[in-house]
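Trainee: My structure is stored as data_30.cif, with mmCIF, C-alpha atoms.
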```
data_protein
loop_
_atom_site.label_atom_id
_atom_site.label_comp_id
_atom_site.auth_asym_id
_atom_site.auth_seq_id
_atom_site.Cartn_x
_atom_site.Cartn_y
_atom_site.Cartn_z
CA MET A 1027 70.95 -49.38 63.78
CA THR A 1028 69.06 -49.09 60.57
CA GLN A 1029 70.71 -50.24 57.38
CA SER A 1030 70.38 -46.79 55.78
CA LEU A 1031 72.84 -45.04 58.10
CA GLU A 1032 75.21 -47.98 58.01
CA THR A 1033 75.06 -47.85 54.22
CA LEU A 1034 75.89 -44.14 54.28
CA THR A 1035 78.99 -44.62 56.44
CA ARG A 1036 80.16 -47.49 54.25
CA ALA A 1037 79.66 -45.38 51.16
CA LEU A 1038 81.72 -42.58 52.71
CA LEU A 1039 84.54 -44.99 53.53
CA ASP A 1040 84.47 -46.41 50.01
CA ALA A 1041 84.65 -42.89 48.59
CA ALA A 1042 87.59 -42.08 50.88
CA LYS A 1043 89.49 -45.18 49.75
CA LYS A 1044 88.79 -44.33 46.11
CA ALA A 1045 90.13 -40.82 46.70
CA GLY A 1046 93.37 -42.26 48.08
CA ALA A 1047 92.85 -42.13 51.84
CA GLU A 1048 95.12 -44.40 53.87
CA ALA A 1049 92.61 -44.65 56.74
CA ALA A 1050 89.29 -43.06 57.56
CA ASP A 1051 86.27 -43.10 59.82
CA ALA A 1052 82.78 -41.90 59.00
CA MET A 1053 79.77 -40.79 61.03
CA ALA A 1054 76.15 -40.52 59.95
CA VAL A 1055 73.54 -38.88 62.16
CA ASP A 1056 69.87 -38.40 61.48
CA GLY A 1057 67.21 -37.01 63.73
CA ARG A 1058 64.02 -35.12 64.19
CA SER A 1059 62.86 -32.76 66.91
CA VAL A 1060 59.70 -30.92 67.88
CA SER A 1061 59.54 -28.00 70.32
CA ILE A 1062 56.48 -26.09 71.53
CA ASP A 1063 56.54 -22.79 73.46
CA VAL A 1064 53.48 -21.39 75.20
CA ARG A 1065 53.11 -17.91 76.68
CA ALA A 1066 50.06 -16.24 78.26
CA GLY A 1067 47.91 -19.21 77.39
CA GLN A 1068 48.70 -18.96 73.68
CA LEU A 1069 50.94 -20.93 71.38
CA GLU A 1070 53.99 -18.71 70.89
CA GLN A 1071 56.24 -20.92 68.80
CA ALA A 1072 56.24 -24.37 67.24
CA GLU A 1073 59.29 -25.79 65.52
CA ARG A 1074 60.07 -29.05 63.84
CA ALA A 1075 63.44 -30.03 62.40
CA GLU A 1076 64.60 -33.10 60.50
CA GLY A 1077 67.83 -33.90 58.75
CA THR A 1078 70.80 -36.15 58.14
CA ASP A 1079 74.40 -35.10 58.70
CA LEU A 1080 77.57 -36.81 57.52
CA GLY A 1081 81.10 -36.50 58.83
CA LEU A 1082 84.29 -37.96 57.37
CA ARG A 1083 87.76 -38.01 58.90
CA VAL A 1084 90.61 -38.94 56.57
CA ILE A 1085 94.11 -39.87 57.73
CA MET A 1086 97.14 -39.66 55.48
CA GLY A 1087 100.23 -40.82 57.34
CA ARG A 1088 100.31 -38.60 60.43
CA ARG A 1089 98.06 -35.94 58.95
CA GLN A 1090 94.29 -35.75 59.20
CA ALA A 1091 91.34 -33.67 58.03
CA VAL A 1092 87.62 -33.65 58.79
CA VAL A 1093 84.80 -32.62 56.44
CA SER A 1094 81.04 -32.67 56.90
CA ALA A 1095 77.85 -32.23 54.88
CA SER A 1096 74.08 -32.51 55.16
CA ASP A 1097 73.65 -33.82 51.62
CA ILE A 1098 73.63 -37.60 51.21
CA ARG A 1099 73.83 -37.79 47.42
CA PRO A 1100 76.64 -40.04 46.11
CA GLU A 1101 78.27 -37.17 44.21
CA THR A 1102 78.40 -35.12 47.40
CA MET A 1103 80.07 -37.96 49.30
CA ALA A 1104 82.63 -38.35 46.51
CA ALA A 1105 83.39 -34.62 46.64
CA MET A 1106 83.69 -34.80 50.46
CA ALA A 1107 86.22 -37.59 50.23
CA GLU A 1108 88.32 -35.84 47.59
CA ARG A 1109 88.30 -32.61 49.58
CA ALA A 1110 89.22 -34.40 52.82
CA VAL A 1111 92.17 -36.19 51.19
CA ALA A 1112 93.42 -32.94 49.68
CA MET A 1113 93.12 -31.18 53.03
CA ALA A 1114 94.86 -33.99 54.91
CA ARG A 1115 97.84 -33.85 52.54
CA GLU A 1116 98.33 -30.19 53.47
CA ALA A 1117 97.59 -30.53 57.20
CA PRO A 1118 100.41 -30.30 59.76
CA GLU A 1119 101.87 -33.59 60.95
CA ASP A 1120 100.72 -34.96 64.28
CA PRO A 1121 102.53 -38.12 65.43
CA HIS A 1122 99.61 -39.06 67.67
CA VAL A 1123 96.72 -39.25 65.17
CA GLY A 1124 95.40 -42.59 63.99
CA LEU A 1125 92.56 -45.05 64.28
CA ALA A 1126 92.29 -47.68 66.98
CA ASP A 1127 94.03 -50.99 66.40
CA PRO A 1128 91.49 -53.62 65.27
CA SER A 1129 92.20 -55.57 68.47
CA GLN A 1130 90.90 -52.61 70.52
CA ILE A 1131 87.50 -52.05 68.90
CA ALA A 1132 84.17 -52.89 70.53
CA SER A 1133 81.99 -55.81 69.49
CA ASP A 1134 78.96 -57.82 70.67
CA TRP A 1135 77.23 -55.18 72.81
CA ASP A 1136 73.59 -55.48 73.87
CA ILE A 1137 72.14 -52.11 72.94
CA ALA A 1138 68.71 -53.02 74.36
CA ALA A 1139 70.20 -53.20 77.85
CA PHE A 1140 71.08 -49.50 77.68
CA GLU A 1141 67.45 -48.41 77.14
CA LEU A 1142 68.46 -45.33 75.16
CA SER A 1143 65.32 -45.11 73.01
CA ASP A 1144 61.68 -45.00 74.08
CA PRO A 1145 59.69 -47.43 71.89
CA THR A 1146 56.42 -45.55 72.42
CA PRO A 1147 55.22 -43.40 69.50
CA GLU A 1148 56.42 -39.84 69.06
CA PRO A 1149 54.04 -37.48 70.91
CA ASP A 1150 51.66 -35.43 68.83
CA PRO A 1151 52.45 -31.67 68.79
CA ALA A 1152 49.06 -31.08 70.40
CA ALA A 1153 50.09 -33.27 73.34
CA LEU A 1154 53.28 -31.25 73.76
CA GLU A 1155 51.30 -28.02 73.66
CA ASN A 1156 48.90 -29.34 76.30
CA ASP A 1157 51.83 -30.19 78.57
CA ALA A 1158 53.30 -26.71 78.17
CA ARG A 1159 49.91 -25.11 78.84
CA ALA A 1160 49.43 -27.26 81.94
CA ALA A 1161 52.88 -26.31 83.29
CA GLU A 1162 52.15 -22.62 82.71
CA ALA A 1163 48.76 -22.87 84.41
CA ALA A 1164 50.26 -24.65 87.42
CA ALA A 1165 52.88 -21.93 87.82
CA LEU A 1166 50.31 -19.13 87.54
CA ALA A 1167 48.17 -20.85 90.19
CA VAL A 1168 50.90 -20.27 92.77
CA LYS A 1169 50.05 -17.21 94.87
CA GLY A 1170 52.57 -14.46 94.19
CA VAL A 1171 53.45 -15.47 90.64
CA THR A 1172 52.80 -12.49 88.36
CA GLN A 1173 53.62 -14.10 85.03
CA VAL A 1174 55.21 -17.09 83.36
CA GLN A 1175 58.07 -16.11 81.11
CA SER A 1176 57.93 -19.35 79.17
CA ALA A 1177 56.65 -22.90 79.23
CA SER A 1178 58.22 -25.31 76.77
CA ALA A 1179 57.77 -28.94 75.81
CA GLY A 1180 59.92 -30.89 73.40
CA TYR A 1181 60.73 -34.25 71.88
CA SER A 1182 63.68 -35.46 69.86
CA ALA A 1183 64.80 -38.73 68.31
CA ARG A 1184 68.31 -39.25 66.99
CA ARG A 1185 70.21 -42.10 65.40
CA VAL A 1186 73.98 -42.40 65.07
CA HIS A 1187 76.19 -44.78 63.13
CA LEU A 1188 79.98 -44.90 63.11
CA ALA A 1189 82.24 -46.97 60.85
CA ALA A 1190 85.98 -47.03 60.20
CA THR A 1191 88.51 -48.70 57.94
CA ASN A 1192 89.86 -50.65 60.93
CA GLY A 1193 86.72 -52.79 60.79
CA PHE A 1194 84.56 -51.07 63.38
CA SER A 1195 80.87 -50.52 62.63
CA GLY A 1196 78.13 -49.73 65.11
CA GLY A 1197 75.30 -47.42 66.02
CA TYR A 1198 72.37 -46.72 68.30
CA ALA A 1199 69.25 -44.57 68.66
CA ARG A 1200 68.31 -42.04 71.34
CA THR A 1201 65.13 -40.26 72.34
CA ASP A 1202 64.53 -37.31 74.64
CA ARG A 1203 61.36 -35.84 76.14
CA SER A 1204 61.52 -32.52 77.99
CA LEU A 1205 59.30 -30.00 79.78
CA TYR A 1206 60.32 -26.66 81.34
CA ALA A 1207 58.71 -23.61 82.93
CA VAL A 1208 60.10 -20.22 83.99
CA ALA A 1209 58.02 -18.26 86.49
CA ILE A 1210 58.30 -14.64 87.67
CA ALA A 1211 57.27 -13.14 91.00
CA GLY A 1212 56.96 -9.38 91.41
CA GLU A 1213 57.22 -6.61 88.84
CA GLY A 1214 59.76 -4.12 87.53
CA ARG A 1215 63.07 -4.06 89.38
CA ALA A 1216 61.57 -6.22 92.11
CA MET A 1217 61.03 -9.18 89.78
CA GLU A 1218 62.53 -12.55 90.68
CA ARG A 1219 62.75 -15.33 88.14
CA GLU A 1220 63.02 -19.07 88.80
CA HIS A 1221 62.49 -22.24 86.85
CA ASP A 1222 62.00 -25.98 86.94
CA GLY A 1223 62.10 -28.68 84.32
CA ASP A 1224 62.76 -32.27 83.51
CA SER A 1225 64.30 -34.20 80.63
CA ARG A 1226 64.09 -37.97 80.26
CA ILE A 1227 64.74 -40.65 77.68
CA PHE A 1228 61.37 -42.29 78.36
CA GLN A 1229 58.12 -40.32 78.32
CA ALA A 1230 56.80 -42.44 81.21
CA ASP A 1231 59.63 -41.20 83.47
CA LEU A 1232 58.95 -37.49 82.90
CA ARG A 1233 57.62 -35.56 85.88
CA THR A 1234 54.13 -34.16 85.52
CA ALA A 1235 53.42 -30.72 84.10
CA GLN A 1236 51.59 -29.84 87.33
CA ASP A 1237 54.66 -30.66 89.43
CA ILE A 1238 57.08 -28.76 87.16
CA GLY A 1239 54.93 -25.64 86.87
CA GLN A 1240 54.09 -25.53 90.59
CA THR A 1241 57.72 -25.99 91.60
CA ALA A 1242 58.85 -23.21 89.25
CA GLY A 1243 56.23 -20.89 90.73
CA GLU A 1244 57.07 -21.73 94.33
CA ARG A 1245 60.76 -21.18 93.69
CA ALA A 1246 60.10 -17.75 92.16
CA VAL A 1247 57.89 -16.67 95.07
CA ALA A 1248 60.47 -17.88 97.60
CA MET A 1249 63.06 -15.57 96.01
CA PHE A 1250 60.84 -12.48 96.15
CA GLY A 1251 62.36 -9.68 98.21
CA ALA A 1252 65.93 -10.94 97.81
CA ARG A 1253 68.75 -8.73 99.06
CA LYS A 1254 72.51 -8.87 99.27
CA PRO A 1255 74.10 -11.03 101.99
CA PRO A 1256 76.85 -9.75 104.30
CA THR A 1257 80.41 -9.73 103.00
CA GLY A 1258 82.85 -12.11 104.66
CA ALA A 1259 84.11 -15.67 104.82
CA TRP A 1260 81.24 -18.15 105.25
CA PRO A 1261 80.34 -21.77 104.57
CA VAL A 1262 78.46 -22.21 101.29
CA LEU A 1263 76.01 -25.01 100.53
CA PHE A 1264 75.66 -25.65 96.81
CA ASP A 1265 72.12 -26.90 96.19
CA GLU A 1266 71.79 -30.20 94.34
CA ARG A 1267 70.50 -28.33 91.28
CA ILE A 1268 73.86 -26.61 90.75
CA ALA A 1269 76.35 -28.76 92.73
CA ALA A 1270 77.16 -30.70 89.56
CA SER A 1271 78.95 -27.57 88.33
CA LEU A 1272 81.67 -28.18 90.94
CA VAL A 1273 82.15 -31.72 89.67
CA GLY A 1274 82.18 -30.27 86.17
CA HIS A 1275 85.23 -28.18 87.06
CA LEU A 1276 86.94 -31.31 88.38
CA LEU A 1277 86.13 -33.20 85.19
CA GLY A 1278 87.54 -30.35 83.13
CA ALA A 1279 90.75 -30.40 85.14
CA VAL A 1280 91.30 -34.14 84.55
CA ASN A 1281 90.42 -34.00 80.84
CA GLY A 1282 93.33 -35.35 78.82
CA ALA A 1283 93.30 -32.37 76.44
CA SER A 1284 93.83 -30.01 79.40
CA ILE A 1285 96.58 -32.23 80.81
CA THR A 1286 98.54 -32.43 77.55
CA ARG A 1287 98.35 -28.63 77.21
CA GLY A 1288 99.48 -28.17 80.80
CA ALA A 1289 96.33 -26.10 81.39
CA SER A 1290 95.05 -27.82 84.53
CA PHE A 1291 95.56 -27.07 88.21
CA LEU A 1292 95.45 -30.86 88.83
CA ARG A 1293 98.12 -31.72 86.24
CA ASP A 1294 100.58 -32.86 88.95
CA ASP A 1295 98.05 -34.60 91.19
CA LEU A 1296 97.64 -38.05 89.63
CA GLY A 1297 97.70 -40.57 92.47
CA LYS A 1298 97.21 -37.85 95.10
CA LEU A 1299 94.36 -37.06 97.48
CA ILE A 1300 92.13 -34.34 95.99
CA LEU A 1301 88.78 -35.11 97.68
CA PRO A 1302 88.09 -36.05 101.30
CA GLU A 1303 88.79 -39.70 102.05
CA GLY A 1304 85.72 -41.82 101.45
CA LEU A 1305 84.54 -39.83 98.44
CA SER A 1306 84.76 -41.37 94.97
CA LEU A 1307 83.75 -40.17 91.53
CA ILE A 1308 82.73 -43.11 89.34
CA GLU A 1309 81.98 -43.07 85.63
CA ASP A 1310 79.42 -45.61 84.40
CA PRO A 1311 78.59 -45.40 80.67
CA HIS A 1312 76.39 -48.50 80.87
CA ARG A 1313 73.69 -47.17 83.21
CA PRO A 1314 70.21 -47.77 81.68
CA ARG A 1315 68.08 -44.76 80.74
CA ALA A 1316 70.92 -42.27 81.31
CA THR A 1317 71.78 -39.66 78.70
CA GLY A 1318 75.53 -40.28 78.94
CA SER A 1319 75.30 -44.03 78.31
CA ARG A 1320 76.80 -45.64 75.20
CA PRO A 1321 78.34 -49.03 74.34
CA PHE A 1322 81.34 -47.54 72.51
CA ASP A 1323 83.04 -44.19 72.15
CA ALA A 1324 83.57 -42.09 69.03
CA GLU A 1325 86.67 -44.11 68.11
CA GLY A 1326 84.89 -47.46 68.39
CA LEU A 1327 86.47 -48.49 71.71
CA PRO A 1328 84.28 -50.36 74.23
CA THR A 1329 83.21 -48.14 77.13
CA ARG A 1330 83.52 -49.37 80.71
CA THR A 1331 82.93 -48.37 84.30
CA ARG A 1332 85.97 -46.70 85.86
CA ALA A 1333 86.95 -44.67 88.90
CA ILE A 1334 88.08 -41.10 88.21
CA VAL A 1335 88.57 -40.48 91.92
CA GLU A 1336 88.65 -43.38 94.36
CA ASN A 1337 88.52 -42.88 98.12
CA GLY A 1338 89.63 -39.28 97.57
CA VAL A 1339 92.58 -40.19 95.33
CA LEU A 1340 92.78 -39.05 91.69
CA ILE A 1341 93.05 -42.31 89.73
CA GLY A 1342 93.31 -41.25 86.11
CA TRP A 1343 92.75 -38.81 83.28
CA THR A 1344 89.90 -38.82 80.76
CA LEU A 1345 91.50 -39.85 77.46
CA ASP A 1346 90.85 -40.42 73.81
CA LEU A 1347 93.44 -42.17 71.63
CA ALA A 1348 95.47 -39.12 70.58
CA ASN A 1349 95.81 -37.62 74.06
CA ALA A 1350 96.55 -41.04 75.52
CA ARG A 1351 99.39 -41.47 73.03
CA LYS A 1352 100.77 -38.04 73.95
CA LEU A 1353 100.90 -39.10 77.60
CA GLY A 1354 102.16 -42.62 76.96
CA MET A 1355 98.93 -44.08 78.33
CA GLN A 1356 95.93 -46.06 77.12
CA SER A 1357 92.65 -44.52 76.03
CA THR A 1358 89.88 -44.65 78.62
CA ALA A 1359 87.32 -44.95 75.77
CA ASN A 1360 86.13 -41.38 76.28
CA ALA A 1361 86.35 -40.02 72.74
CA ALA A 1362 83.44 -37.82 71.68
CA ARG A 1363 82.84 -36.11 68.34
CA GLY A 1364 80.29 -34.56 66.08
CA THR A 1365 80.13 -34.79 62.31
CA GLY A 1366 82.09 -31.55 61.94
CA GLY A 1367 85.13 -32.35 64.07
CA GLY A 1368 87.56 -34.99 65.18
CA PRO A 1369 87.57 -36.91 68.47
CA SER A 1370 88.28 -35.23 71.80
CA PRO A 1371 87.99 -36.46 75.40
CA SER A 1372 84.66 -36.24 77.23
CA THR A 1373 83.07 -37.95 80.22
CA TRP A 1374 79.89 -40.03 80.23
CA ASN A 1375 77.71 -40.68 83.30
CA VAL A 1376 79.41 -39.84 86.61
CA ALA A 1377 78.32 -40.21 90.23
CA LEU A 1378 79.82 -38.69 93.36
CA THR A 1379 79.61 -40.63 96.61
CA GLN A 1380 76.60 -39.43 98.58
CA GLY A 1381 76.77 -38.54 102.24
CA ALA A 1382 74.71 -39.81 105.16
CA GLN A 1383 72.95 -36.50 105.87
CA SER A 1384 70.13 -34.66 104.15
CA ARG A 1385 70.36 -31.15 102.76
CA GLU A 1386 68.39 -29.95 105.77
CA ASP A 1387 70.96 -31.56 108.08
CA LEU A 1388 73.75 -29.65 106.33
CA ILE A 1389 71.78 -26.39 106.56
CA ARG A 1390 71.45 -27.00 110.28
CA ASP A 1391 75.13 -27.86 110.68
CA MET A 1392 76.43 -24.88 108.68
CA GLY A 1393 74.98 -22.46 111.23
CA THR A 1394 75.36 -19.20 109.35
CA GLY A 1395 76.19 -19.04 105.67
CA LEU A 1396 74.83 -19.16 102.14
CA LEU A 1397 72.63 -21.73 100.40
CA VAL A 1398 73.26 -21.25 96.67
CA THR A 1399 70.46 -22.23 94.29
CA SER A 1400 71.60 -20.37 91.16
CA LEU A 1401 74.94 -19.40 89.62
CA ILE A 1402 75.59 -16.80 86.95
CA GLY A 1403 78.75 -15.82 85.13
CA SER A 1404 82.04 -17.58 85.64
CA THR A 1405 85.66 -16.62 86.23
CA ILE A 1406 87.62 -19.84 86.58
CA ASN A 1407 91.40 -19.96 86.12
CA PRO A 1408 92.13 -23.48 84.81
CA ASN A 1409 95.82 -23.20 85.69
CA THR A 1410 95.40 -22.18 89.35
CA GLY A 1411 91.85 -23.26 90.19
CA ASP A 1412 90.86 -19.77 91.33
CA TYR A 1413 87.07 -19.62 91.39
CA SER A 1414 84.64 -16.70 91.28
CA ARG A 1415 80.95 -16.76 90.34
CA GLY A 1416 77.85 -14.67 90.80
CA ALA A 1417 75.24 -16.36 92.95
CA SER A 1418 71.77 -16.16 94.43
CA GLY A 1419 69.94 -18.29 96.96
CA PHE A 1420 69.13 -18.03 100.66
CA TRP A 1421 70.92 -16.70 103.72
CA VAL A 1422 71.07 -19.15 106.60
CA GLU A 1423 71.24 -18.07 110.26
CA ASN A 1424 71.41 -20.39 113.24
CA GLY A 1425 70.78 -23.37 110.97
CA GLN A 1426 67.57 -21.91 109.52
CA ILE A 1427 66.83 -20.25 106.18
CA ALA A 1428 66.40 -16.55 107.00
CA TYR A 1429 65.81 -14.69 103.72
CA PRO A 1430 66.50 -14.85 99.97
CA VAL A 1431 69.66 -13.26 98.58
CA ASN A 1432 70.96 -12.17 95.19
CA GLU A 1433 73.63 -9.99 93.61
CA CYS A 1434 76.52 -11.57 95.45
CA THR A 1435 79.79 -13.18 94.42
CA ILE A 1436 81.39 -16.28 95.89
CA ALA A 1437 85.12 -16.85 95.53
CA GLY A 1438 87.70 -19.42 96.53
CA ASN A 1439 90.10 -21.95 95.07
CA LEU A 1440 88.81 -25.20 93.60
CA ARG A 1441 91.63 -27.24 95.08
CA ASP A 1442 90.63 -26.09 98.58
CA MET A 1443 86.94 -26.46 97.78
CA PHE A 1444 87.39 -30.06 96.63
CA ALA A 1445 89.38 -30.91 99.75
CA SER A 1446 86.65 -29.68 102.10
CA MET A 1447 83.47 -30.70 100.28
CA ARG A 1448 80.82 -32.48 102.29
CA PRO A 1449 78.02 -34.12 100.29
CA ALA A 1450 74.38 -34.59 101.26
CA ASN A 1451 72.24 -37.57 100.21
CA ASP A 1452 69.81 -35.87 97.81
CA ALA A 1453 71.23 -36.59 94.34
CA ARG A 1454 68.77 -37.44 91.56
CA PRO A 1455 69.80 -40.92 90.35
CA TRP A 1456 68.50 -40.55 86.79
CA LEU A 1457 70.76 -37.63 85.83
CA SER A 1458 73.95 -38.05 83.84
CA ARG A 1459 75.81 -36.33 86.69
CA VAL A 1460 74.55 -37.79 89.95
CA VAL A 1461 75.76 -35.17 92.42
CA PRO A 1462 74.11 -34.27 95.75
CA SER A 1463 74.09 -30.91 97.51
CA ILE A 1464 77.63 -30.05 98.61
CA LEU A 1465 78.75 -28.00 101.62
CA VAL A 1466 82.05 -26.15 101.25
CA GLU A 1467 83.68 -24.29 104.14
CA GLY A 1468 85.35 -20.90 104.17
CA LEU A 1469 84.43 -19.30 100.85
CA THR A 1470 84.56 -15.53 100.45
CA LEU A 1471 81.27 -13.74 99.83
CA ALA A 1472 81.08 -10.25 98.37
CA GLY A 1473 77.66 -8.81 99.19
CA GLU A 1474 76.74 -5.72 101.16
#
```
I'd like the structure from this file rewritten - as structure tokens, please.

Mentor:
Amino acid sequence: MTQSLETLTRALLDAAKKAGAEAADAMAVDGRSVSIDVRAGQLEQAERAEGTDLGLRVIMGRRQAVVSASDIRPETMAAMAERAVAMAREAPEDPHVGLADPSQIASDWDIAAFELSDPTPEPDPAALENDARAAEAAALAVKGVTQVQSASAGYSARRVHLAATNGFSGGYARTDRSLYAVAIAGEGRAMEREHDGDSRIFQADLRTAQDIGQTAGERAVAMFGARKPPTGAWPVLFDERIAASLVGHLLGAVNGASITRGASFLRDDLGKLILPEGLSLIEDPHRPRATGSRPFDAEGLPTRTRAIVENGVLIGWTLDLANARKLGMQSTANAARGTGGGPSPSTWNVALTQGAQSREDLIRDMGTGLLVTSLIGSTINPNTGDYSRGASGFWVENGQIAYPVNECTIAGNLRDMFASMRPANDARPWLSRVVPSILVEGLTLAGE
């Protein structure tokens, strides 16, 4: 990390001590981003943003307060510290707040091994515009595409540094390069909209504009003429593009904040079978070139690979220090935070065990049912696991895709859905959530 951000966090801590803080941690974040939007062959919007943000958490006994600012002048940092100490003195007591013990904090990581920052120069705005134009042109070249709603290219670079009065100090840099296109087939009420895109840490890994635009166009054309599917109980295949949402619901249910509130349908299932035997969900925060990778969490604890679910059995919760203390457990080094708030549990990179069959094999095996490629809206009861979402995709008959469908609702219970899920082998390995297409039996469809 550059000295400048480290200096800022140290200055914040010094100001907090001078103001009377008993303990504190400080975060400094700086970054820049460029985004280009193209529409109808013309530049529609170009934005560039740069800035530095500071966050300070002060602890007074068992009380804490967080303040933030985007002004790095010394007088501003002094005012932040004084305000934070005053706020902490008036905050309600929480017996679980506190920094990590010095024996717990991370040290001696090899940030280069994580490959979180592309060393190549920042792309020129003209290069981003050319990529967006090329994606739009590729989508329009697909027969049946009537217009491209948007084509966007972007770049961002961000640096983070965290320091605390327990002796922790560390930081890292991240880059991101993205390209997206949204294509439309048809007109008026008969319009169907679909998209494609890619986001990578390294420019060299990004898919081509031609591929992204063409795929968006082909997806839109494939959905043209969609109608409602029949109502009933059918197997549902969640396409790889949206299957990670199911895993997201599982991750939310095992989040320590949900467990301590009692607001999770899995709160009594630690050590129990929740997925089919043979399926595991592994978190790996050290995977190179993955957006969820990091050497330490937002409380300075060293991250590590761990099993959330192993061979179908729920192994553990996702915990930061405070929620771990509430449960009488140890933190899993999953604290996340921004400059404007305190730590809370979050997951890093996760991967679900892939199956032996392709998506096409599962389509064949499901016989008649729904292939879901898009989800809209959400009614999820975190206490019971009841699940209901709007969906669109393709109706499958006799193991073959028959026609596109939209305006339908799928419903079930997440506990039952987890127990019956059957994964394909088509997960994209570079994503933060590596989740293949998932077949779930016996969901209720509300269509015609």

Trainee: Quick one: contact table of stretch 1335-1434 of chain A to stretch 1229-1245 of chain A, 12 Å max, nearest atom pair and distance in Å to one decimal per residue, counting all atoms listed in the file, chain and number order, as CSV?

Mentor:
```
residue,atom,partner,partner_atom,distance
A:Thr1399,CA,A:Arg1245,CA,9.8
A:Ser1400,CA,A:Arg1245,CA,11.2
A:Gly1419,CA,A:Arg1245,CA,10.2
A:Phe1420,CA,A:Arg1245,CA,11.3
A:Pro1430,CA,A:Arg1245,CA,10.6
```

Trainee: Can you build me a table of stretch 1109-1202 of chain A residues sitting at most 8 Å from stretch 1208-1213 of chain A, with the closest atom pair per residue and its distance in Å to one decimal, using all atoms listed in the file, sorted by chain and residue number, as a Markdown table?

Mentor:
```
| residue | atom | partner | partner_atom | distance |
| --- | --- | --- | --- | --- |
| A:Ala1165 | CA | A:Ala1209 | CA | 6.5 |
| A:Leu1166 | CA | A:Ala1209 | CA | 7.8 |
| A:Gly1170 | CA | A:Ala1211 | CA | 5.8 |
| A:Val1171 | CA | A:Ala1211 | CA | 4.5 |
| A:Thr1172 | CA | A:Ala1211 | CA | 5.2 |
| A:Gln1173 | CA | A:Ile1210 | CA | 5.4 |
| A:Val1174 | CA | A:Ala1209 | CA | 4.4 |
| A:Gln1175 | CA | A:Val1208 | CA | 5.4 |
| A:Ser1176 | CA | A:Val1208 | CA | 5.4 |
| A:Ala1177 | CA | A:Val1208 | CA | 6.5 |
```

Trainee: How far is it from atom CA of A:Ala1114 to atom CA of A:Met1086, in Å with one decimal?

Mentor: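 These atoms are spaced 6.1 Å apart.
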
Trainee: Need to verify the contact set: A:Gln1071, 8 Å, only C-alpha atoms, exclusion of same-chain residues closer than 2 positions in sequence. Can you return it as a ChimeraX atom specification?

Mentor: /A:1061-1064,1069,1073

Trainee: Of the candidates A:Pro1145, A:Pro1118, A:Gly1425, A:Gly1087, which one gets nearest to A:Leu1396 if we count only C-alpha atoms?

Mentor: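 Using only C-alpha atoms, A:Leu1396 sits closest to A:Gly1425.
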
Trainee: Is it possible to dump stretch 1231-1248 of chain A as a PDB file, in the first residue's frame, including just C-alpha atoms?

Mentor:
```
ATOM      1  CA  ASP A1231      -9.086 -11.615 -19.108  1.00  0.00           C
ATOM      2  CA  LEU A1232     -12.104  -9.608 -20.297  1.00  0.00           C
ATOM      3  CA  ARG A1233     -14.223 -11.228 -22.984  1.00  0.00           C
ATOM      4  CA  THR A1234     -14.307  -9.450 -26.321  1.00  0.00           C
ATOM      5  CA  ALA A1235     -16.843  -6.768 -27.177  1.00  0.00           C
ATOM      6  CA  GLN A1236     -17.921  -8.850 -30.186  1.00  0.00           C
ATOM      7  CA  ASP A1237     -18.695 -11.849 -27.988  1.00  0.00           C
ATOM      8  CA  ILE A1238     -20.589  -9.813 -25.368  1.00  0.00           C
ATOM      9  CA  GLY A1239     -22.679  -7.860 -27.872  1.00  0.00           C
ATOM     10  CA  GLN A1240     -23.499 -10.913 -29.998  1.00  0.00           C
ATOM     11  CA  THR A1241     -24.489 -12.978 -26.973  1.00  0.00           C
ATOM     12  CA  ALA A1242     -26.765 -10.202 -25.676  1.00  0.00           C
ATOM     13  CA  GLY A1243     -28.439  -9.983 -29.082  1.00  0.00           C
ATOM     14  CA  GLU A1244     -28.886 -13.733 -29.442  1.00  0.00           C
ATOM     15  CA  ARG A1245     -30.386 -13.978 -25.975  1.00  0.00           C
ATOM     16  CA  ALA A1246     -32.901 -11.209 -26.744  1.00  0.00           C
ATOM     17  CA  VAL A1247     -33.959 -12.828 -30.021  1.00  0.00           C
ATOM     18  CA  ALA A1248     -34.338 -16.216 -28.341  1.00  0.00           C
TER      19      ALA A1248
END
```
